[in-house]
Amino acid sequence: MDSTPPLTPELRPQPETARAEAHIRPRGLKLIRSAGIRFALAYGVVFALAAFVLAVSVWRSTSTLLERQVQSSITDDISLLIEHDQFGGAASVVAALQQRLASPQDADRIYLFMDTTGTRLAGNLDQWPAGLSQMQTWYWLPVRRDGEPSTALLRATTLPSGGTLLVGRDVRALTGLRDMLRDAMIGTASLILVLGVLSVLLIRAQFRGVIRDISGTTRAIAQGDLSRRVPRTGKGDEFDELAGLINDMLDRISRLMDGVRQVSNAIAHDLRTPITRARARLEDVAAHADVPEPVQTAIDRATQDLDGIVRVFEALLRIAEIEAGARRAAFVTVDLSPMLRDMDELYHAVAEERGLQLHAAISSPLPVFGDRELVQQAVANLLDNALKFSAPEAVIRLSALLRDGVVEITVADHGPGIAPADRARATERFFRAEAARNTSGSGLGLALVAAVAQLHNGTLHLLDNNPGLCAVISIPAQLPPG
Amino acid sequence: MRILVVEDDKDVAAFVIKGLREAGHAVEAADNGRDGLFLAASENFDAIILDRMLPGGIDGLRLLETLRAQDNTTPVVFLSALTQVDDRVRGLKAGGDDYLTKPFAFAELLARVEALARRGKGDGPATRLAVGDLEMDLLSRSVRRGAQKIELQPREFRLLEYLMRHAGQVVTRTMLLEGVWDYHFDPQTNVIDVHISRLRQKIDKPFEQQLLHTVRNAGYMLRAEEA
């Protein structure tokens, strides 16, 4: 059980702004915190990246292949024309060019043949393209062919006879193809992106479905409904396997708890029956036989001792019952303030009788979702302790207030308190602090208080009251909706 | 009063029967559920003391449910070793009027049985209660003893009202805790004694005749001396 001296930060009053921020931040982070989203995003990113790499490489290799084809056709052409030049001189080259230009299936061919003086001898280009200066080099250049602007892949060479030959191909068709390919790739990439987003959402939904089943079940179990199981899909996949494992674990836990319950019932019956008989006999003797005073006193003592034994195992069973969480089934929304006022009224007179003062400050309303009777018993235990350990004329404080969505019930006394080293253990069963060794009590009071607080999803903090003990039960408030 | 005891443990049954007879009641007994149901259904009783775990195929719950199904409204006090809150709730839901756990003090059992048996014969909602010269007006919520008006706190008034409604009967501390404070467990502190002594200061101290008596090992009783 937690018993750190300072209040936990969330229970402390916080400045308005800080709280407003704290309220907003988790919402923004919530999507990223979702494991489903993270998983699906990673999946989507890998998917998109793969698709992108594939598209780019297809585009690149296709366009490179097409360019190579054009280049090899040009180099073939050039070597043929060089042969013409070698065997027939410039005239043969001019004739070959004219023949090629006349052929309709070679419409995208571009030629320009000039002699050493720069005079145009043949070809379909009006002039030497600007920017083409080096021989034996590939150029992508805009050209004017028969007056029409176009783009061409060009290569110039000096013929053995001295003339300059420019051979090229109009690549409008090629760039068109390349553009079409690029557009197709962009289209495909967009489609992949859309599909990726869809699959992200789908994976997330599936994830959430599975998680909701599991978390819904475990939450119900934590609240004491041990009969719940994770629904099986029957698909035999990993999630189904996980659900099966969780269910096996729950079966085992509930078997163990049944075992504990059976032991408790056995204690209840097998221990109660003989004690009932013994108590009956003692009472019978005391009431009927003419017993002398000392024997009468001894019988009374024995009866009280038996009652003491019963009280201890009753408290143990009760703590076990509370810790099992079964009583959550009977939880209702209840305002604790009338009950606490009654407690104040009930104990006020007792405190006065013992020369003590009980100061109560109980605000209203104090709505919680819980079991009024259990909280009542917890507060009664704290008040019993406070009365027991207080020196005459001391002040005991009982206060209850609603702060930051938490109902805080505080019982503070000026008794010997609990040493800091012992506080962590003070809520263990049968723990008795040094100062309490010589007082009556079973050492189960605080254990029960802690169990009650925990059952209500709350905490019990034991603080120093300088001197004395300040016990704070904090239970989340049940605020009306809206 | 005629009381039926259905209890399978011989020692406990004998002790209860002996005690009830000594308190002036006529007692019938059964040591199993079948006989118990037969007796309860065929004869008239003022109250039934019923164990929950019984041999003979019919346990206490079944017995009571069968009885209630026949419109038998005889007050029933469960006497059981089953003490969990669930057990208690189940017992009261089945039609039980009170639930006492074992081990028990006979005085507690007797006080509860007598209170229940007498409750069944109530003479309608009273507006005035009186014990000796102590009078309580439930409408004006005023209390006077003889000619003297007594001022009481609201809770003291309820405590006195409870005692006056059970005048002449023993009222135990747990009965007061449950009936006046709606408190269903034993506090370690003797809270009831303190409140009783305060009430006594107001209604008895200034007067010659004492009305609020302490019954040793049992509880309290409000009665006029010669009642």
# chains A, B, ... in the order shown; residues from 1 in each chain; ligands from 1

call {"tool": "residues_around", "arguments": {"residues": "B:Met221", "least_positions_apart": "6", "cutoff": "12 Å", "atoms": "only C-alpha atoms", "output": "list in words"}}
result
Ala111, Ala115, Val131, Leu160, Tyr162, Leu163, Met164, Arg165, His166, Ala167, Gly168, Gln169, Val170, Val171, Thr172, Arg173, Leu176, Ile196, Arg200, Gln210, Leu211, Leu212, His213, Thr214 and Val215 of chain B

call {"tool": "select_by_dssp", "arguments": {"residues": "stretch 90-210 of chain B", "states": "helix (DSSP H, G or I)", "output": "PyMOL selection string"}}
result
chain B and resi 90-93+106-119+154-165+173-181+191-203

call {"tool": "interface_residues", "arguments": {"of": "chain A", "to": "chain B", "cutoff": "6 Å", "atoms": "only C-alpha atoms", "output": "PyMOL selection string"}}
result
chain A and resi 269+276-277+350

call {"tool": "write_last_selection", "arguments": {"atoms": "N, CA and C atoms", "output": "CSV table (one decimal), in the first residue's frame"}}
result
chain,number,residue,atom,x,y,z
A,269,HIS,N,-17.5,-21.9,8.7
A,269,HIS,CA,-18.4,-22.9,9.2
A,269,HIS,C,-17.6,-23.7,10.3
A,276,THR,N,-19.4,-21.4,18.5
A,276,THR,CA,-20.8,-21.2,18.9
A,276,THR,C,-21.2,-22.2,20.0
A,277,ARG,N,-20.8,-23.5,19.9
A,277,ARG,CA,-21.1,-24.4,20.9
A,277,ARG,C,-20.5,-24.0,22.3
A,350,VAL,N,-18.9,10.6,22.4
A,350,VAL,CA,-17.9,9.7,23.0
A,350,VAL,C,-16.6,10.5,23.3

call {"tool": "residues_around", "arguments": {"residues": "stretch 254-264 of chain A", "least_positions_apart": "5", "cutoff": "12 Å", "atoms": "only C-alpha atoms", "output": "PyMOL selection string"}}
result
(chain A and resi 221+224-229+247-249+269-272+313-321+323-326) or (chain B and resi 81-84)

call {"tool": "write_last_selection", "arguments": {"atoms": "N, CA and C atoms", "output": "PDB file, in the first residue's frame"}}
result
ATOM      1  N   ILE A 221     -12.920  -7.461 -14.930  1.00  0.00           N
ATOM      2  CA  ILE A 221     -12.329  -8.375 -13.948  1.00  0.00           C
ATOM      3  C   ILE A 221     -11.782  -7.579 -12.768  1.00  0.00           C
ATOM      4  N   GLY A 224     -14.122  -6.700 -10.288  1.00  0.00           N
ATOM      5  CA  GLY A 224     -14.715  -7.765  -9.481  1.00  0.00           C
ATOM      6  C   GLY A 224     -15.625  -8.722 -10.224  1.00  0.00           C
ATOM      7  N   ASP A 225     -15.856  -8.474 -11.519  1.00  0.00           N
ATOM      8  CA  ASP A 225     -16.702  -9.397 -12.261  1.00  0.00           C
ATOM      9  C   ASP A 225     -15.828 -10.488 -12.875  1.00  0.00           C
ATOM     10  N   LEU A 226     -15.611 -11.551 -12.118  1.00  0.00           N
ATOM     11  CA  LEU A 226     -14.653 -12.575 -12.548  1.00  0.00           C
ATOM     12  C   LEU A 226     -15.217 -13.523 -13.603  1.00  0.00           C
ATOM     13  N   SER A 227     -16.473 -13.344 -13.955  1.00  0.00           N
ATOM     14  CA  SER A 227     -17.065 -14.282 -14.903  1.00  0.00           C
ATOM     15  C   SER A 227     -16.775 -13.880 -16.347  1.00  0.00           C
ATOM     16  N   ARG A 228     -16.247 -12.662 -16.548  1.00  0.00           N
ATOM     17  CA  ARG A 228     -16.046 -12.172 -17.910  1.00  0.00           C
ATOM     18  C   ARG A 228     -14.857 -12.855 -18.581  1.00  0.00           C
ATOM     19  N   ARG A 229     -14.979 -13.097 -19.913  1.00  0.00           N
ATOM     20  CA  ARG A 229     -13.866 -13.643 -20.688  1.00  0.00           C
ATOM     21  C   ARG A 229     -13.727 -12.855 -21.988  1.00  0.00           C
ATOM     22  N   ASN A 247      -7.718 -15.811 -21.338  1.00  0.00           N
ATOM     23  CA  ASN A 247      -8.842 -16.551 -20.755  1.00  0.00           C
ATOM     24  C   ASN A 247      -8.356 -17.701 -19.868  1.00  0.00           C
ATOM     25  N   ASP A 248      -7.299 -18.392 -20.323  1.00  0.00           N
ATOM     26  CA  ASP A 248      -6.742 -19.471 -19.499  1.00  0.00           C
ATOM     27  C   ASP A 248      -6.272 -18.919 -18.152  1.00  0.00           C
ATOM     28  N   MET A 249      -5.597 -17.758 -18.243  1.00  0.00           N
ATOM     29  CA  MET A 249      -5.092 -17.129 -17.027  1.00  0.00           C
ATOM     30  C   MET A 249      -6.259 -16.769 -16.101  1.00  0.00           C
ATOM     31  N   HIS A 269     -17.527 -21.900   8.655  1.00  0.00           N
ATOM     32  CA  HIS A 269     -18.363 -22.935   9.221  1.00  0.00           C
ATOM     33  C   HIS A 269     -17.643 -23.745  10.299  1.00  0.00           C
ATOM     34  N   ASP A 270     -16.475 -24.265   9.944  1.00  0.00           N
ATOM     35  CA  ASP A 270     -15.806 -25.201  10.844  1.00  0.00           C
ATOM     36  C   ASP A 270     -15.252 -24.547  12.091  1.00  0.00           C
ATOM     37  N   LEU A 271     -15.025 -23.228  12.014  1.00  0.00           N
ATOM     38  CA  LEU A 271     -14.517 -22.550  13.194  1.00  0.00           C
ATOM     39  C   LEU A 271     -15.675 -21.951  13.992  1.00  0.00           C
ATOM     40  N   ARG A 272     -16.675 -21.486  13.259  1.00  0.00           N
ATOM     41  CA  ARG A 272     -17.812 -20.869  13.928  1.00  0.00           C
ATOM     42  C   ARG A 272     -18.615 -21.893  14.730  1.00  0.00           C
ATOM     43  N   PHE A 313     -11.161 -13.066  13.093  1.00  0.00           N
ATOM     44  CA  PHE A 313     -11.290 -13.744  11.801  1.00  0.00           C
ATOM     45  C   PHE A 313     -12.403 -13.165  10.954  1.00  0.00           C
ATOM     46  N   GLU A 314     -13.374 -12.524  11.639  1.00  0.00           N
ATOM     47  CA  GLU A 314     -14.395 -11.825  10.861  1.00  0.00           C
ATOM     48  C   GLU A 314     -13.764 -10.652  10.096  1.00  0.00           C
ATOM     49  N   ALA A 315     -12.876  -9.909  10.786  1.00  0.00           N
ATOM     50  CA  ALA A 315     -12.205  -8.791  10.129  1.00  0.00           C
ATOM     51  C   ALA A 315     -11.346  -9.297   8.976  1.00  0.00           C
ATOM     52  N   LEU A 316     -10.639 -10.418   9.197  1.00  0.00           N
ATOM     53  CA  LEU A 316      -9.803 -10.997   8.134  1.00  0.00           C
ATOM     54  C   LEU A 316     -10.642 -11.374   6.924  1.00  0.00           C
ATOM     55  N   LEU A 317     -11.754 -12.064   7.198  1.00  0.00           N
ATOM     56  CA  LEU A 317     -12.617 -12.487   6.096  1.00  0.00           C
ATOM     57  C   LEU A 317     -13.191 -11.276   5.369  1.00  0.00           C
ATOM     58  N   ARG A 318     -13.510 -10.266   6.148  1.00  0.00           N
ATOM     59  CA  ARG A 318     -14.095  -9.076   5.553  1.00  0.00           C
ATOM     60  C   ARG A 318     -13.080  -8.377   4.646  1.00  0.00           C
ATOM     61  N   ILE A 319     -11.832  -8.264   5.119  1.00  0.00           N
ATOM     62  CA  ILE A 319     -10.798  -7.642   4.288  1.00  0.00           C
ATOM     63  C   ILE A 319     -10.621  -8.454   3.004  1.00  0.00           C
ATOM     64  N   ALA A 320     -10.582  -9.779   3.147  1.00  0.00           N
ATOM     65  CA  ALA A 320     -10.420 -10.633   1.969  1.00  0.00           C
ATOM     66  C   ALA A 320     -11.589 -10.435   1.010  1.00  0.00           C
ATOM     67  N   GLU A 321     -12.776 -10.325   1.578  1.00  0.00           N
ATOM     68  CA  GLU A 321     -13.971 -10.136   0.759  1.00  0.00           C
ATOM     69  C   GLU A 321     -13.891  -8.802   0.008  1.00  0.00           C
ATOM     70  N   GLU A 323     -11.091  -7.129  -0.696  1.00  0.00           N
ATOM     71  CA  GLU A 323      -9.996  -7.158  -1.664  1.00  0.00           C
ATOM     72  C   GLU A 323     -10.369  -7.960  -2.894  1.00  0.00           C
ATOM     73  N   ALA A 324     -11.244  -8.951  -2.743  1.00  0.00           N
ATOM     74  CA  ALA A 324     -11.664  -9.730  -3.907  1.00  0.00           C
ATOM     75  C   ALA A 324     -12.486  -8.876  -4.859  1.00  0.00           C
ATOM     76  N   GLY A 325     -12.985  -7.739  -4.359  1.00  0.00           N
ATOM     77  CA  GLY A 325     -13.674  -6.801  -5.243  1.00  0.00           C
ATOM     78  C   GLY A 325     -15.110  -7.163  -5.555  1.00  0.00           C
ATOM     79  N   ALA A 326     -15.600  -8.242  -4.950  1.00  0.00           N
ATOM     80  CA  ALA A 326     -16.956  -8.685  -5.282  1.00  0.00           C
ATOM     81  C   ALA A 326     -18.002  -7.638  -4.892  1.00  0.00           C
TER      82      ALA A 326
ATOM     83  N   ALA B  81     -23.987 -19.427  10.188  1.00  0.00           N
ATOM     84  CA  ALA B  81     -22.528 -19.299  10.173  1.00  0.00           C
ATOM     85  C   ALA B  81     -22.061 -18.653   8.876  1.00  0.00           C
ATOM     86  N   LEU B  82     -22.984 -18.420   7.943  1.00  0.00           N
ATOM     87  CA  LEU B  82     -22.637 -17.725   6.696  1.00  0.00           C
ATOM     88  C   LEU B  82     -22.753 -16.233   6.964  1.00  0.00           C
ATOM     89  N   THR B  83     -21.578 -15.551   6.923  1.00  0.00           N
ATOM     90  CA  THR B  83     -21.589 -14.189   7.449  1.00  0.00           C
ATOM     91  C   THR B  83     -21.231 -13.130   6.416  1.00  0.00           C
ATOM     92  N   GLN B  84     -20.969 -13.537   5.178  1.00  0.00           N
ATOM     93  CA  GLN B  84     -20.588 -12.510   4.205  1.00  0.00           C
ATOM     94  C   GLN B  84     -21.789 -11.623   3.909  1.00  0.00           C
TER      95      GLN B  84
END

call {"tool": "decode", "arguments": {"residues": "stretch 372-403 of chain A", "atoms": "N, CA and C atoms", "output": "mmCIF file, in the first residue's frame"}}
result
data_model
loop_
_atom_site.group_PDB
_atom_site.id
_atom_site.type_symbol
_atom_site.label_atom_id
_atom_site.label_comp_id
_atom_site.auth_asym_id
_atom_site.auth_seq_id
_atom_site.Cartn_x
_atom_site.Cartn_y
_atom_site.Cartn_z
ATOM 1 N N ARG A 372 -21.590 2.851 0.797
ATOM 2 C CA ARG A 372 -21.658 3.757 1.943
ATOM 3 C C ARG A 372 -21.229 3.054 3.233
ATOM 4 N N GLU A 373 -21.712 1.817 3.390
ATOM 5 C CA GLU A 373 -21.460 1.098 4.622
ATOM 6 C C GLU A 373 -19.964 0.825 4.828
ATOM 7 N N LEU A 374 -19.265 0.507 3.722
ATOM 8 C CA LEU A 374 -17.837 0.224 3.831
ATOM 9 C C LEU A 374 -17.055 1.476 4.189
ATOM 10 N N VAL A 375 -17.398 2.605 3.547
ATOM 11 C CA VAL A 375 -16.700 3.847 3.864
ATOM 12 C C VAL A 375 -16.980 4.209 5.320
ATOM 13 N N GLN A 376 -18.218 3.972 5.753
ATOM 14 C CA GLN A 376 -18.593 4.224 7.138
ATOM 15 C C GLN A 376 -17.709 3.407 8.088
ATOM 16 N N GLN A 377 -17.527 2.146 7.745
ATOM 17 C CA GLN A 377 -16.706 1.293 8.603
ATOM 18 C C GLN A 377 -15.249 1.767 8.617
ATOM 19 N N ALA A 378 -14.759 2.197 7.438
ATOM 20 C CA ALA A 378 -13.384 2.678 7.346
ATOM 21 C C ALA A 378 -13.198 3.906 8.241
ATOM 22 N N VAL A 379 -14.131 4.851 8.138
ATOM 23 C CA VAL A 379 -14.028 6.079 8.942
ATOM 24 C C VAL A 379 -14.161 5.734 10.428
ATOM 25 N N ALA A 380 -15.061 4.788 10.739
ATOM 26 C CA ALA A 380 -15.227 4.366 12.141
ATOM 27 C C ALA A 380 -13.920 3.801 12.674
ATOM 28 N N ASN A 381 -13.218 3.000 11.859
ATOM 29 C CA ASN A 381 -11.930 2.451 12.305
ATOM 30 C C ASN A 381 -10.929 3.567 12.605
ATOM 31 N N LEU A 382 -10.899 4.571 11.713
ATOM 32 C CA LEU A 382 -9.956 5.679 11.926
ATOM 33 C C LEU A 382 -10.314 6.453 13.192
ATOM 34 N N LEU A 383 -11.624 6.684 13.388
ATOM 35 C CA LEU A 383 -12.052 7.420 14.584
ATOM 36 C C LEU A 383 -11.797 6.600 15.855
ATOM 37 N N ASP A 384 -12.062 5.294 15.781
ATOM 38 C CA ASP A 384 -11.774 4.426 16.927
ATOM 39 C C ASP A 384 -10.305 4.539 17.311
ATOM 40 N N ASN A 385 -9.431 4.487 16.286
ATOM 41 C CA ASN A 385 -7.983 4.613 16.538
ATOM 42 C C ASN A 385 -7.649 5.953 17.153
ATOM 43 N N ALA A 386 -8.215 7.024 16.560
ATOM 44 C CA ALA A 386 -7.905 8.373 17.036
ATOM 45 C C ALA A 386 -8.311 8.514 18.499
ATOM 46 N N LEU A 387 -9.498 7.990 18.874
ATOM 47 C CA LEU A 387 -9.970 8.072 20.259
ATOM 48 C C LEU A 387 -9.052 7.278 21.176
ATOM 49 N N LYS A 388 -8.650 6.103 20.655
ATOM 50 C CA LYS A 388 -7.859 5.194 21.476
ATOM 51 C C LYS A 388 -6.484 5.796 21.807
ATOM 52 N N PHE A 389 -5.892 6.496 20.848
ATOM 53 C CA PHE A 389 -4.514 6.952 21.018
ATOM 54 C C PHE A 389 -4.399 8.392 21.504
ATOM 55 N N SER A 390 -5.535 9.081 21.709
ATOM 56 C CA SER A 390 -5.441 10.487 22.086
ATOM 57 C C SER A 390 -5.317 10.644 23.596
ATOM 58 N N ALA A 391 -4.464 11.564 23.992
ATOM 59 C CA ALA A 391 -4.344 11.908 25.406
ATOM 60 C C ALA A 391 -5.520 12.824 25.757
ATOM 61 N N PRO A 392 -5.921 12.886 27.032
ATOM 62 C CA PRO A 392 -7.045 13.741 27.415
ATOM 63 C C PRO A 392 -6.861 15.181 26.949
ATOM 64 N N GLU A 393 -7.958 15.816 26.605
ATOM 65 C CA GLU A 393 -8.026 17.217 26.173
ATOM 66 C C GLU A 393 -7.434 17.456 24.800
ATOM 67 N N ALA A 394 -7.064 16.401 24.122
ATOM 68 C CA ALA A 394 -6.537 16.573 22.776
ATOM 69 C C ALA A 394 -7.697 16.831 21.803
ATOM 70 N N VAL A 395 -7.321 17.305 20.622
ATOM 71 C CA VAL A 395 -8.314 17.597 19.587
ATOM 72 C C VAL A 395 -8.202 16.555 18.478
ATOM 73 N N ILE A 396 -9.344 16.011 18.070
ATOM 74 C CA ILE A 396 -9.378 15.103 16.921
ATOM 75 C C ILE A 396 -10.141 15.829 15.815
ATOM 76 N N ARG A 397 -9.607 15.768 14.622
ATOM 77 C CA ARG A 397 -10.228 16.497 13.520
ATOM 78 C C ARG A 397 -10.778 15.498 12.497
ATOM 79 N N LEU A 398 -12.051 15.677 12.177
ATOM 80 C CA LEU A 398 -12.661 14.871 11.102
ATOM 81 C C LEU A 398 -13.076 15.855 10.027
ATOM 82 N N SER A 399 -12.461 15.756 8.844
ATOM 83 C CA SER A 399 -12.875 16.683 7.791
ATOM 84 C C SER A 399 -13.080 15.924 6.504
ATOM 85 N N ALA A 400 -13.971 16.453 5.696
ATOM 86 C CA ALA A 400 -14.258 15.822 4.408
ATOM 87 C C ALA A 400 -14.573 16.912 3.418
ATOM 88 N N LEU A 401 -13.925 16.850 2.270
ATOM 89 C CA LEU A 401 -14.188 17.871 1.253
ATOM 90 C C LEU A 401 -13.961 17.307 -0.134
ATOM 91 N N LEU A 402 -14.527 18.017 -1.095
ATOM 92 C CA LEU A 402 -14.400 17.630 -2.499
ATOM 93 C C LEU A 402 -13.386 18.556 -3.133
ATOM 94 N N ARG A 403 -12.259 18.006 -3.626
ATOM 95 C CA ARG A 403 -11.222 18.850 -4.209
ATOM 96 C C ARG A 403 -10.680 18.200 -5.466
#
